[in-house]
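Participant: Structure incoming, see below.
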Amino acid sequence: MTEHPLRLRTRGIRRAGVVVAAACAVIVAGPTAAPAQAAGGPSGIAAKGAFLLDSGPNKTLWGKGADTRREMASTTKIMAAAVVVTTKGVDLDRKITVKKAYRDYVTRYGASTADLRTGDKLTVRQLLYGMMLPSGCDAAYALADTFGSGSTVSARTKSFISKMNKKAADLGMKNTKFDSFDGISKSGENYSTPRDMAKLARHALANSTFKTVVKATKTVQKATNGRTYTWYNTNKLLGSYKGVIGIKTGTGSKAGPCLVFAATRDKRTVVGVILNSSDRYRDATRMLDWSFKQKTATKVTLRTLPPGAQRD
């Protein structure tokens, strides 16, 4: 079946007790028998847009199409999370009731989902996990509806997107625009650049709640009625490459596979962005090897997602 242009790649999510598949994907960061280092930057990067930032000194390390605007799919949710966690006086334990509209939304667009159940009550913190790990568009909708202002759901989500755009402007993300709280673009006006997304990632990682959430490979959360939600992080680089601390995957028909990632070694944190790549994890590994001055290419066995877990 042909993918709808607005749809994200999705699959249903399973509860606790899923058995992890034994098969693992193995990738090698650099060319066969070649060192990971290259004079002008990492070699063999398939992404149409890519960027590396030394987060501490906020120093550009390398870029490819760094300022070319591209759709960024569900990496949009990094900004949605940033708006929530930096809201003045935010109560992360505030309980939010799941509306039928959130479930109807993911059904309508075939969107990635945290499989939220109508009537369940979850905290803001729990919904952040539901948005950032399985890339739940229903969780993103719940947060946008809660943190936007207005008398209707439509008005509140529009208000929330305005807050996303204001924060982008405040951060100096000059080539970024949001028309969506989750990456499902209604007008084709949801875009950014590798450089801008690196700025956003650096900003978001400065928040301890955000950093804790995106670093988790798995979480088990209970709604107030006792229902258990088990969510797995769609970012396979996490737990597969030494020092990786997040951040977010994204996949769309126009955006292609995307990845915003970060890794820390010896108290040095590097942020990377990949937009529209045919091999995002190999790209990321090569980029990190180059950043950390690896003399030989790292061989990585990607973390395996359980059958039925979301892919993004």
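Naming works like this for the structure tokens: A, B, ... for the chains as they're shown, residue 1 at the start of each chain, ligands 1 onward in shown order.
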Range 153-218 of chain A: which residues are strand (DSSP E or B) by DSSP, as a list in words?
Facilitator: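 Filtering range 153-218 of chain A down to strand (DSSP E or B) leaves Lys177, Tyr191, Ser192 and Lys218 of chain A.
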Participant: Can you tell me which residues surround Thr113 in chain A at a distance of at most 6 Å, considering only C-alpha atoms, apart from same-chain residues fewer than 4 positions away, and format the answer as a list in words?
Facilitator: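 Near Thr113 in chain A, the qualifying residues are Gly136, Cys137 and Asp138 of chain A.
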Participant: Counting only C-alpha atoms, what is within 8 Å of Arg265 in chain A, bar same-chain residues fewer than 3 positions away, as a VMD selection string?
Facilitator: chain A and resid 243 268 to 269 292
Participant: Could you give me, as a list in words, the residues within 10 Å of Lys215 in chain A, counting only C-alpha atoms and dropping anything in the same chain fewer than 4 positions from it?
Facilitator: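 My list of contacting residues is Met132, Leu133, Phe210, Lys211, Asn233, Asn235, Leu238, Gly239, Val244, Ile245, Gly246, Ile247, Lys248 and Ala262 of chain A.
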Participant: Between A:Ser112, A:Thr209, A:Ser253, A:Ser185, which residue has the minimum interatomic distance to Pro134 in chain A, considering only C-alpha atoms?
Facilitator: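 The closest residue to Pro134 in chain A is A:Ser112.
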Participant: Find, counting only C-alpha atoms, the residue in A:Ile274, A:Ala66, A:Leu288, A:Ala139 that gets nearest to Asp115 in chain A.
Facilitator: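 Checking each candidate against Asp115 in chain A, we get A:Ala139 as the closest.
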